[in-house]
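Note sheet for the following structure.
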Amino acid sequence: MKDIMNAPFVTELVRTVTNMYAHGWDERNGGNVSVLIDEAQLVDYLDVNSVIRTIPTGFAAPELDGKYFLVTGTGKYFKNVQYDPANNLGIVRLTDNGTQAQLLWGFADGGRFTSEFPAHMMSHVARLKVDPNNRVVMHCHPANLLAMTFVHDLDEIAFTRTLWQMCTECIVVFPDGVNVLPWMLCGTNEIGEATAEKMKTARLVIWSQHGIYGAGKDLDETFGLIETAEKAAEIYMKIAHLPILNTISDEAMHQLEDHFGVKAREGYLS
Ligand SMILES: [Zn+2]
């Protein structure tokens, strides 16, 4: 067996959560990430028949039966992951219609996956139906996006249009826009189901007064989605209280669509 600490999926996740912490998106134990991994990627590093322990998930997700996820641990600090991946991360296989998670590696101190596991797994189900190549769900607390949910209309079209107008390339990076949930209690199946419902039509879902969820085909794409939306929110928070003299018009947005070969979400541009 090869050393799992050198497995690309482990090193990439360690680098990504370290970078998320460096961006200030993941104070204390804030944030969580899950990555869908193919069995073929794992077999060089793990005996997939050797189950350390089984953890009930508290929900059903029959679509994910037999699937493997690398996921961050509950109560763990992203700033510490790079120093001790085996305590802070875990690899689980979902069984029994997704009601059980078999731990195959990690959570070495007896820990378990993030308390937002329902939102992650339900979001994977939703995104895989839209895009079979989706592999990553990422949650964090970027300050400007969070701040925006206190002062901006939470209407999804209005919120998306404001973000698109803040940087030229936003509409190219997330033409599907951002969906928005009102404040809800986190760590529950209810917010998981609501997030997954929103994930059917966009890869970014804002949790008002809390943070954001992103989904994508790999860690770079998903990080980049959140990074781009957060940059736009930062600009909004810098200018929202000032007289606005110029903006990016819908006509300019249509030029961007044509030039970059993207299509803005239906009905979001005039
Ligand atoms: Zn959170």
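Naming scheme: A, B, ... for chains in displayed order of the structure tokens; residues 1 onward per chain; ligands 1 onward as shown.
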
Taking only C-alpha atoms and all ligand atoms into account, which residues have an atom no farther than 12 Å from ligand 1? I'd like them as a PDB file with all heavy atoms, in the first residue's frame.
ATOM      1  N   TRP A  25     -11.787  32.673   5.831  1.00  0.00           N
ATOM      2  CA  TRP A  25     -13.150  32.169   5.628  1.00  0.00           C
ATOM      3  C   TRP A  25     -13.564  31.162   6.695  1.00  0.00           C
ATOM      4  O   TRP A  25     -14.718  30.750   6.732  1.00  0.00           O
ATOM      5  CB  TRP A  25     -13.259  31.457   4.272  1.00  0.00           C
ATOM      6  CG  TRP A  25     -12.956  32.297   3.076  1.00  0.00           C
ATOM      7  CD1 TRP A  25     -12.806  33.663   3.015  1.00  0.00           C
ATOM      8  CD2 TRP A  25     -12.765  31.823   1.732  1.00  0.00           C
ATOM      9  NE1 TRP A  25     -12.548  34.041   1.736  1.00  0.00           N
ATOM     10  CE2 TRP A  25     -12.513  32.946   0.924  1.00  0.00           C
ATOM     11  CE3 TRP A  25     -12.800  30.543   1.153  1.00  0.00           C
ATOM     12  CZ2 TRP A  25     -12.286  32.831  -0.449  1.00  0.00           C
ATOM     13  CZ3 TRP A  25     -12.573  30.429  -0.206  1.00  0.00           C
ATOM     14  CH2 TRP A  25     -12.323  31.571  -0.995  1.00  0.00           C
ATOM     15  N   ASP A  26     -12.617  30.717   7.520  1.00  0.00           N
ATOM     16  CA  ASP A  26     -12.884  29.562   8.392  1.00  0.00           C
ATOM     17  C   ASP A  26     -12.306  29.760   9.783  1.00  0.00           C
ATOM     18  O   ASP A  26     -11.391  29.048  10.214  1.00  0.00           O
ATOM     19  CB  ASP A  26     -12.335  28.291   7.737  1.00  0.00           C
ATOM     20  CG  ASP A  26     -13.033  28.012   6.416  1.00  0.00           C
ATOM     21  OD1 ASP A  26     -14.144  27.474   6.439  1.00  0.00           O
ATOM     22  OD2 ASP A  26     -12.480  28.393   5.367  1.00  0.00           O
ATOM     23  N   GLU A  27     -12.851  30.744  10.490  1.00  0.00           N
ATOM     24  CA  GLU A  27     -12.444  30.973  11.867  1.00  0.00           C
ATOM     25  C   GLU A  27     -12.769  29.758  12.739  1.00  0.00           C
ATOM     26  O   GLU A  27     -13.706  29.020  12.461  1.00  0.00           O
ATOM     27  CB  GLU A  27     -13.166  32.216  12.427  1.00  0.00           C
ATOM     28  CG  GLU A  27     -14.657  32.031  12.706  1.00  0.00           C
ATOM     29  CD  GLU A  27     -15.537  31.929  11.468  1.00  0.00           C
ATOM     30  OE1 GLU A  27     -15.079  32.281  10.375  1.00  0.00           O
ATOM     31  OE2 GLU A  27     -16.684  31.476  11.622  1.00  0.00           O
ATOM     32  N   ARG A  28     -11.963  29.556  13.753  1.00  0.00           N
ATOM     33  CA  ARG A  28     -12.171  28.471  14.721  1.00  0.00           C
ATOM     34  C   ARG A  28     -12.456  27.158  13.981  1.00  0.00           C
ATOM     35  O   ARG A  28     -11.652  26.737  13.175  1.00  0.00           O
ATOM     36  CB  ARG A  28     -13.305  28.859  15.687  1.00  0.00           C
ATOM     37  CG  ARG A  28     -13.292  28.074  16.996  1.00  0.00           C
ATOM     38  CD  ARG A  28     -14.329  28.609  17.998  1.00  0.00           C
ATOM     39  NE  ARG A  28     -14.267  27.890  19.242  1.00  0.00           N
ATOM     40  CZ  ARG A  28     -14.910  26.762  19.497  1.00  0.00           C
ATOM     41  NH1 ARG A  28     -15.687  26.214  18.582  1.00  0.00           N
ATOM     42  NH2 ARG A  28     -14.788  26.171  20.672  1.00  0.00           N
ATOM     43  N   ASN A  29     -13.620  26.527  14.270  1.00  0.00           N
ATOM     44  CA  ASN A  29     -13.947  25.273  13.582  1.00  0.00           C
ATOM     45  C   ASN A  29     -14.920  25.508  12.431  1.00  0.00           C
ATOM     46  O   ASN A  29     -15.604  24.585  11.989  1.00  0.00           O
ATOM     47  CB  ASN A  29     -14.534  24.263  14.569  1.00  0.00           C
ATOM     48  CG  ASN A  29     -15.822  24.744  15.194  1.00  0.00           C
ATOM     49  OD1 ASN A  29     -15.996  25.954  15.409  1.00  0.00           O
ATOM     50  ND2 ASN A  29     -16.742  23.840  15.477  1.00  0.00           N
ATOM     51  N   GLY A  30     -14.993  26.763  11.960  1.00  0.00           N
ATOM     52  CA  GLY A  30     -15.919  27.076  10.868  1.00  0.00           C
ATOM     53  C   GLY A  30     -15.504  26.416   9.571  1.00  0.00           C
ATOM     54  O   GLY A  30     -14.316  26.258   9.300  1.00  0.00           O
ATOM     55  N   GLY A  31     -16.486  26.050   8.776  1.00  0.00           N
ATOM     56  CA  GLY A  31     -16.252  25.510   7.445  1.00  0.00           C
ATOM     57  C   GLY A  31     -16.152  24.003   7.419  1.00  0.00           C
ATOM     58  O   GLY A  31     -15.815  23.366   8.431  1.00  0.00           O
ATOM     59  N   ASN A  32     -16.474  23.449   6.279  1.00  0.00           N
ATOM     60  CA  ASN A  32     -16.379  22.004   6.075  1.00  0.00           C
ATOM     61  C   ASN A  32     -16.350  21.725   4.581  1.00  0.00           C
ATOM     62  O   ASN A  32     -16.895  22.486   3.790  1.00  0.00           O
ATOM     63  CB  ASN A  32     -17.537  21.246   6.759  1.00  0.00           C
ATOM     64  CG  ASN A  32     -18.769  22.111   6.921  1.00  0.00           C
ATOM     65  OD1 ASN A  32     -19.472  22.354   5.949  1.00  0.00           O
ATOM     66  ND2 ASN A  32     -19.004  22.632   8.135  1.00  0.00           N
ATOM     67  N   VAL A  33     -15.680  20.623   4.225  1.00  0.00           N
ATOM     68  CA  VAL A  33     -15.522  20.264   2.811  1.00  0.00           C
ATOM     69  C   VAL A  33     -15.716  18.762   2.681  1.00  0.00           C
ATOM     70  O   VAL A  33     -15.278  18.000   3.547  1.00  0.00           O
ATOM     71  CB  VAL A  33     -14.117  20.634   2.281  1.00  0.00           C
ATOM     72  CG1 VAL A  33     -13.999  20.330   0.794  1.00  0.00           C
ATOM     73  CG2 VAL A  33     -13.784  22.102   2.546  1.00  0.00           C
ATOM     74  N   THR A  74     -15.961  17.094  12.457  1.00  0.00           N
ATOM     75  CA  THR A  74     -16.715  18.028  13.289  1.00  0.00           C
ATOM     76  C   THR A  74     -15.828  18.592  14.402  1.00  0.00           C
ATOM     77  O   THR A  74     -15.018  17.858  15.007  1.00  0.00           O
ATOM     78  CB  THR A  74     -17.976  17.355  13.878  1.00  0.00           C
ATOM     79  OG1 THR A  74     -18.740  18.349  14.583  1.00  0.00           O
ATOM     80  CG2 THR A  74     -17.637  16.219  14.820  1.00  0.00           C
ATOM     81  N   GLY A  75     -15.962  19.892  14.648  1.00  0.00           N
ATOM     82  CA  GLY A  75     -15.201  20.534  15.716  1.00  0.00           C
ATOM     83  C   GLY A  75     -13.740  20.763  15.385  1.00  0.00           C
ATOM     84  O   GLY A  75     -12.985  21.279  16.213  1.00  0.00           O
ATOM     85  N   THR A 114     -18.145  16.259   9.810  1.00  0.00           N
ATOM     86  CA  THR A 114     -18.774  17.540  10.078  1.00  0.00           C
ATOM     87  C   THR A 114     -20.258  17.421  10.456  1.00  0.00           C
ATOM     88  O   THR A 114     -20.970  16.571   9.919  1.00  0.00           O
ATOM     89  CB  THR A 114     -18.653  18.465   8.846  1.00  0.00           C
ATOM     90  OG1 THR A 114     -19.484  19.592   9.037  1.00  0.00           O
ATOM     91  CG2 THR A 114     -19.074  17.776   7.550  1.00  0.00           C
ATOM     92  N   SER A 115     -20.691  18.320  11.332  1.00  0.00           N
ATOM     93  CA  SER A 115     -22.115  18.346  11.705  1.00  0.00           C
ATOM     94  C   SER A 115     -22.984  18.759  10.521  1.00  0.00           C
ATOM     95  O   SER A 115     -24.198  18.584  10.550  1.00  0.00           O
ATOM     96  CB  SER A 115     -22.329  19.324  12.865  1.00  0.00           C
ATOM     97  OG  SER A 115     -21.950  20.636  12.472  1.00  0.00           O
ATOM     98  N   GLU A 116     -22.365  19.313   9.483  1.00  0.00           N
ATOM     99  CA  GLU A 116     -23.117  19.685   8.274  1.00  0.00           C
ATOM    100  C   GLU A 116     -23.116  18.559   7.237  1.00  0.00           C
ATOM    101  O   GLU A 116     -23.367  18.800   6.050  1.00  0.00           O
ATOM    102  CB  GLU A 116     -22.553  20.968   7.660  1.00  0.00           C
ATOM    103  CG  GLU A 116     -22.553  22.179   8.572  1.00  0.00           C
ATOM    104  CD  GLU A 116     -23.943  22.653   8.993  1.00  0.00           C
ATOM    105  OE1 GLU A 116     -24.942  22.089   8.506  1.00  0.00           O
ATOM    106  OE2 GLU A 116     -24.024  23.567   9.831  1.00  0.00           O
ATOM    107  N   PHE A 117     -22.857  17.332   7.696  1.00  0.00           N
ATOM    108  CA  PHE A 117     -22.839  16.193   6.771  1.00  0.00           C
ATOM    109  C   PHE A 117     -24.147  16.057   5.982  1.00  0.00           C
ATOM    110  O   PHE A 117     -24.106  15.786   4.778  1.00  0.00           O
ATOM    111  CB  PHE A 117     -22.529  14.907   7.550  1.00  0.00           C
ATOM    112  CG  PHE A 117     -21.967  13.790   6.722  1.00  0.00           C
ATOM    113  CD1 PHE A 117     -20.800  13.963   5.980  1.00  0.00           C
ATOM    114  CD2 PHE A 117     -22.588  12.551   6.681  1.00  0.00           C
ATOM    115  CE1 PHE A 117     -20.271  12.921   5.211  1.00  0.00           C
ATOM    116  CE2 PHE A 117     -22.068  11.507   5.917  1.00  0.00           C
ATOM    117  CZ  PHE A 117     -20.917  11.686   5.181  1.00  0.00           C
ATOM    118  N   ALA A 119     -26.218  18.429   4.892  1.00  0.00           N
ATOM    119  CA  ALA A 119     -26.217  19.426   3.808  1.00  0.00           C
ATOM    120  C   ALA A 119     -25.230  19.028   2.718  1.00  0.00           C
ATOM    121  O   ALA A 119     -25.498  19.205   1.527  1.00  0.00           O
ATOM    122  CB  ALA A 119     -25.888  20.814   4.354  1.00  0.00           C
ATOM    123  N   HIS A 120     -24.078  18.478   3.139  1.00  0.00           N
ATOM    124  CA  HIS A 120     -23.089  18.061   2.137  1.00  0.00           C
ATOM    125  C   HIS A 120     -23.612  16.914   1.280  1.00  0.00           C
ATOM    126  O   HIS A 120     -23.562  16.968   0.055  1.00  0.00           O
ATOM    127  CB  HIS A 120     -21.785  17.645   2.830  1.00  0.00           C
ATOM    128  CG  HIS A 120     -20.915  18.812   3.168  1.00  0.00           C
ATOM    129  ND1 HIS A 120     -19.790  19.122   2.458  1.00  0.00           N
ATOM    130  CD2 HIS A 120     -21.032  19.759   4.131  1.00  0.00           C
ATOM    131  CE1 HIS A 120     -19.240  20.220   2.968  1.00  0.00           C
ATOM    132  NE2 HIS A 120     -19.971  20.616   3.993  1.00  0.00           N
ATOM    133  N   MET A 138     -18.397  22.492  -0.651  1.00  0.00           N
ATOM    134  CA  MET A 138     -17.536  23.297   0.232  1.00  0.00           C
ATOM    135  C   MET A 138     -18.389  24.335   0.950  1.00  0.00           C
ATOM    136  O   MET A 138     -19.219  24.992   0.326  1.00  0.00           O
ATOM    137  CB  MET A 138     -16.488  23.989  -0.642  1.00  0.00           C
ATOM    138  CG  MET A 138     -15.481  24.827   0.069  1.00  0.00           C
ATOM    139  SD  MET A 138     -14.322  25.575  -1.150  1.00  0.00           S
ATOM    140  CE  MET A 138     -13.322  24.163  -1.626  1.00  0.00           C
ATOM    141  N   HIS A 139     -18.172  24.460   2.252  1.00  0.00           N
ATOM    142  CA  HIS A 139     -18.899  25.468   3.038  1.00  0.00           C
ATOM    143  C   HIS A 139     -17.894  26.294   3.826  1.00  0.00           C
ATOM    144  O   HIS A 139     -16.937  25.752   4.383  1.00  0.00           O
ATOM    145  CB  HIS A 139     -19.882  24.788   3.989  1.00  0.00           C
ATOM    146  CG  HIS A 139     -20.437  25.703   5.031  1.00  0.00           C
ATOM    147  ND1 HIS A 139     -21.236  26.784   4.711  1.00  0.00           N
ATOM    148  CD2 HIS A 139     -20.311  25.723   6.385  1.00  0.00           C
ATOM    149  CE1 HIS A 139     -21.573  27.416   5.837  1.00  0.00           C
ATOM    150  NE2 HIS A 139     -21.021  26.790   6.867  1.00  0.00           N
ATOM    151  N   CYS A 140     -18.129  27.618   3.876  1.00  0.00           N
ATOM    152  CA  CYS A 140     -17.252  28.492   4.652  1.00  0.00           C
ATOM    153  C   CYS A 140     -17.956  29.809   4.961  1.00  0.00           C
ATOM    154  O   CYS A 140     -19.128  29.983   4.597  1.00  0.00           O
ATOM    155  CB  CYS A 140     -15.939  28.733   3.904  1.00  0.00           C
ATOM    156  SG  CYS A 140     -16.162  29.358   2.245  1.00  0.00           S
ATOM    157  N   HIS A 141     -17.257  30.715   5.646  1.00  0.00           N
ATOM    158  CA  HIS A 141     -17.853  31.947   6.161  1.00  0.00           C
ATOM    159  C   HIS A 141     -17.129  33.188   5.652  1.00  0.00           C
ATOM    160  O   HIS A 141     -16.539  33.930   6.448  1.00  0.00           O
ATOM    161  CB  HIS A 141     -17.800  31.935   7.697  1.00  0.00           C
ATOM    162  CG  HIS A 141     -18.409  30.742   8.362  1.00  0.00           C
ATOM    163  ND1 HIS A 141     -18.043  30.320   9.624  1.00  0.00           N
ATOM    164  CD2 HIS A 141     -19.364  29.880   7.938  1.00  0.00           C
ATOM    165  CE1 HIS A 141     -18.754  29.248   9.959  1.00  0.00           C
ATOM    166  NE2 HIS A 141     -19.556  28.951   8.941  1.00  0.00           N
ATOM    167  N   PRO A 142     -17.143  33.449   4.342  1.00  0.00           N
ATOM    168  CA  PRO A 142     -16.438  34.642   3.836  1.00  0.00           C
ATOM    169  C   PRO A 142     -17.131  35.928   4.308  1.00  0.00           C
ATOM    170  O   PRO A 142     -18.350  36.072   4.176  1.00  0.00           O
ATOM    171  CB  PRO A 142     -16.540  34.495   2.313  1.00  0.00           C
ATOM    172  CG  PRO A 142     -17.033  33.107   2.060  1.00  0.00           C
ATOM    173  CD  PRO A 142     -17.814  32.720   3.266  1.00  0.00           C
ATOM    174  N   ALA A 143     -16.337  36.861   4.849  1.00  0.00           N
ATOM    175  CA  ALA A 143     -16.906  37.996   5.587  1.00  0.00           C
ATOM    176  C   ALA A 143     -17.784  38.910   4.733  1.00  0.00           C
ATOM    177  O   ALA A 143     -18.825  39.394   5.195  1.00  0.00           O
ATOM    178  CB  ALA A 143     -15.775  38.806   6.221  1.00  0.00           C
ATOM    179  N   LEU A 146     -21.129  37.362   3.762  1.00  0.00           N
ATOM    180  CA  LEU A 146     -21.940  37.346   4.977  1.00  0.00           C
ATOM    181  C   LEU A 146     -22.487  38.750   5.283  1.00  0.00           C
ATOM    182  O   LEU A 146     -23.684  38.925   5.542  1.00  0.00           O
ATOM    183  CB  LEU A 146     -21.037  36.875   6.114  1.00  0.00           C
ATOM    184  CG  LEU A 146     -21.530  35.769   6.984  1.00  0.00           C
ATOM    185  CD1 LEU A 146     -20.364  35.012   7.560  1.00  0.00           C
ATOM    186  CD2 LEU A 146     -22.392  36.316   8.070  1.00  0.00           C
ATOM    187  N   TRP A 183     -32.081  32.989   6.965  1.00  0.00           N
ATOM    188  CA  TRP A 183     -31.448  32.390   8.136  1.00  0.00           C
ATOM    189  C   TRP A 183     -32.207  31.123   8.522  1.00  0.00           C
ATOM    190  O   TRP A 183     -33.436  31.112   8.570  1.00  0.00           O
ATOM    191  CB  TRP A 183     -31.453  33.350   9.334  1.00  0.00           C
ATOM    192  CG  TRP A 183     -30.671  32.768  10.482  1.00  0.00           C
ATOM    193  CD1 TRP A 183     -29.354  32.958  10.736  1.00  0.00           C
ATOM    194  CD2 TRP A 183     -31.150  31.856  11.490  1.00  0.00           C
ATOM    195  NE1 TRP A 183     -28.972  32.227  11.836  1.00  0.00           N
ATOM    196  CE2 TRP A 183     -30.049  31.537  12.327  1.00  0.00           C
ATOM    197  CE3 TRP A 183     -32.382  31.262  11.776  1.00  0.00           C
ATOM    198  CZ2 TRP A 183     -30.149  30.674  13.419  1.00  0.00           C
ATOM    199  CZ3 TRP A 183     -32.484  30.384  12.863  1.00  0.00           C
ATOM    200  CH2 TRP A 183     -31.379  30.112  13.674  1.00  0.00           C
ATOM    201  N   MET A 184     -31.458  30.058   8.764  1.00  0.00           N
ATOM    202  CA  MET A 184     -32.046  28.798   9.240  1.00  0.00           C
ATOM    203  C   MET A 184     -31.088  28.211  10.272  1.00  0.00           C
ATOM    204  O   MET A 184     -29.893  28.519  10.270  1.00  0.00           O
ATOM    205  CB  MET A 184     -32.202  27.784   8.091  1.00  0.00           C
ATOM    206  CG  MET A 184     -33.237  28.152   7.046  1.00  0.00           C
ATOM    207  SD  MET A 184     -33.302  26.926   5.696  1.00  0.00           S
ATOM    208  CE  MET A 184     -34.091  25.524   6.526  1.00  0.00           C
ATOM    209  N   LEU A 185     -31.619  27.322  11.102  1.00  0.00           N
ATOM    210  CA  LEU A 185     -30.770  26.621  12.066  1.00  0.00           C
ATOM    211  C   LEU A 185     -29.827  25.695  11.303  1.00  0.00           C
ATOM    212  O   LEU A 185     -30.287  24.908  10.458  1.00  0.00           O
ATOM    213  CB  LEU A 185     -31.647  25.827  13.032  1.00  0.00           C
ATOM    214  CG  LEU A 185     -30.900  25.108  14.160  1.00  0.00           C
ATOM    215  CD1 LEU A 185     -30.194  26.099  15.079  1.00  0.00           C
ATOM    216  CD2 LEU A 185     -31.870  24.231  14.949  1.00  0.00           C
ATOM    217  N   CYS A 186     -28.524  25.785  11.604  1.00  0.00           N
ATOM    218  CA  CYS A 186     -27.551  24.958  10.876  1.00  0.00           C
ATOM    219  C   CYS A 186     -27.405  23.588  11.544  1.00  0.00           C
ATOM    220  O   CYS A 186     -27.866  23.371  12.655  1.00  0.00           O
ATOM    221  CB  CYS A 186     -26.211  25.672  10.797  1.00  0.00           C
ATOM    222  SG  CYS A 186     -25.562  26.222  12.376  1.00  0.00           S
ATOM    223  N   GLY A 187     -26.786  22.655  10.812  1.00  0.00           N
ATOM    224  CA  GLY A 187     -26.513  21.322  11.346  1.00  0.00           C
ATOM    225  C   GLY A 187     -27.710  20.389  11.355  1.00  0.00           C
ATOM    226  O   GLY A 187     -27.664  19.319  11.966  1.00  0.00           O
ATOM    227  N   THR A 188     -28.777  20.775  10.664  1.00  0.00           N
ATOM    228  CA  THR A 188     -30.001  19.963  10.671  1.00  0.00           C
ATOM    229  C   THR A 188     -30.262  19.356   9.292  1.00  0.00           C
ATOM    230  O   THR A 188     -29.745  19.831   8.276  1.00  0.00           O
ATOM    231  CB  THR A 188     -31.223  20.832  11.032  1.00  0.00           C
ATOM    232  OG1 THR A 188     -31.401  21.820   9.998  1.00  0.00           O
ATOM    233  CG2 THR A 188     -31.024  21.533  12.367  1.00  0.00           C
ATOM    234  N   ILE A 191     -32.019  22.142   6.976  1.00  0.00           N
ATOM    235  CA  ILE A 191     -31.191  23.063   6.185  1.00  0.00           C
ATOM    236  C   ILE A 191     -30.457  22.289   5.083  1.00  0.00           C
ATOM    237  O   ILE A 191     -30.204  22.826   4.000  1.00  0.00           O
ATOM    238  CB  ILE A 191     -30.204  23.880   7.074  1.00  0.00           C
ATOM    239  CG1 ILE A 191     -29.754  25.148   6.323  1.00  0.00           C
ATOM    240  CG2 ILE A 191     -29.017  23.059   7.517  1.00  0.00           C
ATOM    241  CD1 ILE A 191     -29.021  26.164   7.197  1.00  0.00           C
ATOM    242  N   ILE A 206     -26.126  30.783  -0.775  1.00  0.00           N
ATOM    243  CA  ILE A 206     -25.834  31.612   0.398  1.00  0.00           C
ATOM    244  C   ILE A 206     -26.694  31.153   1.572  1.00  0.00           C
ATOM    245  O   ILE A 206     -27.896  30.915   1.413  1.00  0.00           O
ATOM    246  CB  ILE A 206     -26.186  33.094   0.105  1.00  0.00           C
ATOM    247  CG1 ILE A 206     -25.447  33.595  -1.139  1.00  0.00           C
ATOM    248  CG2 ILE A 206     -25.962  33.968   1.339  1.00  0.00           C
ATOM    249  CD1 ILE A 206     -24.118  34.202  -0.900  1.00  0.00           C
ATOM    250  N   TRP A 207     -26.073  31.024   2.724  1.00  0.00           N
ATOM    251  CA  TRP A 207     -26.823  30.868   3.974  1.00  0.00           C
ATOM    252  C   TRP A 207     -26.793  32.245   4.643  1.00  0.00           C
ATOM    253  O   TRP A 207     -25.745  32.676   5.147  1.00  0.00           O
ATOM    254  CB  TRP A 207     -26.154  29.851   4.900  1.00  0.00           C
ATOM    255  CG  TRP A 207     -26.387  28.413   4.564  1.00  0.00           C
ATOM    256  CD1 TRP A 207     -26.977  27.893   3.447  1.00  0.00           C
ATOM    257  CD2 TRP A 207     -26.034  27.282   5.393  1.00  0.00           C
ATOM    258  NE1 TRP A 207     -26.993  26.519   3.507  1.00  0.00           N
ATOM    259  CE2 TRP A 207     -26.432  26.126   4.686  1.00  0.00           C
ATOM    260  CE3 TRP A 207     -25.423  27.146   6.630  1.00  0.00           C
ATOM    261  CZ2 TRP A 207     -26.227  24.843   5.208  1.00  0.00           C
ATOM    262  CZ3 TRP A 207     -25.215  25.874   7.143  1.00  0.00           C
ATOM    263  CH2 TRP A 207     -25.629  24.739   6.449  1.00  0.00           C
ATOM    264  N   SER A 208     -27.928  32.929   4.653  1.00  0.00           N
ATOM    265  CA  SER A 208     -27.955  34.298   5.172  1.00  0.00           C
ATOM    266  C   SER A 208     -27.456  34.368   6.609  1.00  0.00           C
ATOM    267  O   SER A 208     -27.787  33.518   7.438  1.00  0.00           O
ATOM    268  CB  SER A 208     -29.379  34.852   5.083  1.00  0.00           C
ATOM    269  OG  SER A 208     -29.743  34.995   3.732  1.00  0.00           O
ATOM    270  N   GLN A 209     -26.661  35.389   6.878  1.00  0.00           N
ATOM    271  CA  GLN A 209     -26.068  35.644   8.197  1.00  0.00           C
ATOM    272  C   GLN A 209     -25.219  34.462   8.692  1.00  0.00           C
ATOM    273  O   GLN A 209     -24.976  34.299   9.884  1.00  0.00           O
ATOM    274  CB  GLN A 209     -27.133  35.992   9.256  1.00  0.00           C
ATOM    275  CG  GLN A 209     -27.883  37.288   8.993  1.00  0.00           C
ATOM    276  CD  GLN A 209     -29.051  37.127   8.037  1.00  0.00           C
ATOM    277  OE1 GLN A 209     -29.860  36.231   8.236  1.00  0.00           O
ATOM    278  NE2 GLN A 209     -29.139  37.963   7.025  1.00  0.00           N
ATOM    279  N   HIS A 210     -24.765  33.625   7.758  1.00  0.00           N
ATOM    280  CA  HIS A 210     -23.952  32.473   8.150  1.00  0.00           C
ATOM    281  C   HIS A 210     -22.762  32.268   7.204  1.00  0.00           C
ATOM    282  O   HIS A 210     -21.615  32.305   7.641  1.00  0.00           O
ATOM    283  CB  HIS A 210     -24.838  31.214   8.207  1.00  0.00           C
ATOM    284  CG  HIS A 210     -24.121  29.986   8.661  1.00  0.00           C
ATOM    285  ND1 HIS A 210     -24.665  29.063   9.511  1.00  0.00           N
ATOM    286  CD2 HIS A 210     -22.876  29.518   8.369  1.00  0.00           C
ATOM    287  CE1 HIS A 210     -23.785  28.092   9.740  1.00  0.00           C
ATOM    288  NE2 HIS A 210     -22.699  28.345   9.055  1.00  0.00           N
ATOM    289  N   GLY A 211     -23.029  32.051   5.912  1.00  0.00           N
ATOM    290  CA  GLY A 211     -21.915  31.761   5.009  1.00  0.00           C
ATOM    291  C   GLY A 211     -22.393  31.336   3.646  1.00  0.00           C
ATOM    292  O   GLY A 211     -23.438  31.762   3.180  1.00  0.00           O
ATOM    293  N   ILE A 212     -21.616  30.460   3.011  1.00  0.00           N
ATOM    294  CA  ILE A 212     -21.927  30.058   1.632  1.00  0.00           C
ATOM    295  C   ILE A 212     -21.586  28.592   1.418  1.00  0.00           C
ATOM    296  O   ILE A 212     -20.700  28.045   2.094  1.00  0.00           O
ATOM    297  CB  ILE A 212     -21.151  30.947   0.620  1.00  0.00           C
ATOM    298  CG1 ILE A 212     -21.658  30.725  -0.803  1.00  0.00           C
ATOM    299  CG2 ILE A 212     -19.646  30.724   0.732  1.00  0.00           C
ATOM    300  CD1 ILE A 212     -21.185  31.789  -1.798  1.00  0.00           C
ATOM    301  N   TYR A 213     -22.323  27.954   0.520  1.00  0.00           N
ATOM    302  CA  TYR A 213     -22.013  26.618   0.011  1.00  0.00           C
ATOM    303  C   TYR A 213     -21.635  26.742  -1.445  1.00  0.00           C
ATOM    304  O   TYR A 213     -22.278  27.482  -2.197  1.00  0.00           O
ATOM    305  CB  TYR A 213     -23.220  25.678   0.136  1.00  0.00           C
ATOM    306  CG  TYR A 213     -23.206  24.891   1.410  1.00  0.00           C
ATOM    307  CD1 TYR A 213     -23.538  25.495   2.611  1.00  0.00           C
ATOM    308  CD2 TYR A 213     -22.837  23.547   1.419  1.00  0.00           C
ATOM    309  CE1 TYR A 213     -23.484  24.783   3.793  1.00  0.00           C
ATOM    310  CE2 TYR A 213     -22.790  22.834   2.608  1.00  0.00           C
ATOM    311  CZ  TYR A 213     -23.109  23.447   3.785  1.00  0.00           C
ATOM    312  OH  TYR A 213     -23.047  22.744   4.949  1.00  0.00           O
TER     313      TYR A 213
END

With a distance cut-off of 7 Å and only C-alpha atoms, select the neighbouring residues of A:Ser123, excluding the residue or stretch itself and same-chain residues fewer than 5 positions from it, and output the selection as a PyMOL selection string.
chain A and resi 195-196+199

Hey, which of A:Ile52, A:Ala22, A:Leu42, A:Met148 ends up closest to A:Thr162? Count only C-alpha atoms.
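Of A:Ile52, A:Ala22, A:Leu42, A:Met148, the one nearest A:Thr162, counting only C-alpha atoms, is A:Met148.
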
Close residues, A:Glu156 itself excluded, 6 Å, only C-alpha atoms, min 4 positions apart in chain, as a VMD selection string:
chain A and resid 160 179 to 180

Near stretch 93-101 of chain A, counting only C-alpha atoms, which residues have an atom at most 12 Å away, once you skip same-chain residues fewer than 3 positions from it, shown as a PyMOL selection string?
chain A and resi 35-39+42+48-71+90+104-105+112-113+117-118+121-122+125

Tell me which of A:Val173, A:Ile244, A:Val205, A:Leu219 sits closest to A:Glu257, counting only C-alpha atoms.
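Looking only at the distances to A:Glu257, the closest residue turns out to be A:Val173.
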
Considering only C-alpha atoms, return as a compact mmCIF listing (two decimals) with N, CA, C and O atoms, in the first residue's frame whatever protein or nucleic-acid residues lie within 8 Å of A:Leu225, sequence-local ones (same chain, fewer than 4 positions apart) excluded.
# COMPACT_ATOMS: atom_id res chain seq x y z
N VAL A 173 -17.82 33.34 -14.55
CA VAL A 173 -17.47 32.31 -13.57
C VAL A 173 -18.72 31.63 -13.00
O VAL A 173 -18.76 30.42 -12.83
N PHE A 174 -19.76 32.44 -12.72
CA PHE A 174 -20.99 31.79 -12.20
C PHE A 174 -22.22 32.31 -12.94
O PHE A 174 -23.06 33.00 -12.37
N LEU A 204 -23.75 27.84 -6.24
CA LEU A 204 -23.49 28.64 -5.04
C LEU A 204 -24.80 28.88 -4.29
O LEU A 204 -25.79 29.31 -4.90
N GLY A 214 -20.61 26.01 -1.85
CA GLY A 214 -20.24 25.93 -3.25
C GLY A 214 -20.11 24.48 -3.66
O GLY A 214 -19.83 23.62 -2.82
N GLU A 221 -11.93 24.40 -8.73
CA GLU A 221 -13.11 25.07 -9.30
C GLU A 221 -14.03 25.58 -8.19
O GLU A 221 -14.54 26.70 -8.25
N ALA A 229 -17.11 35.03 -6.00
CA ALA A 229 -18.30 35.65 -5.41
C ALA A 229 -17.92 36.53 -4.22
O ALA A 229 -18.48 37.62 -4.03
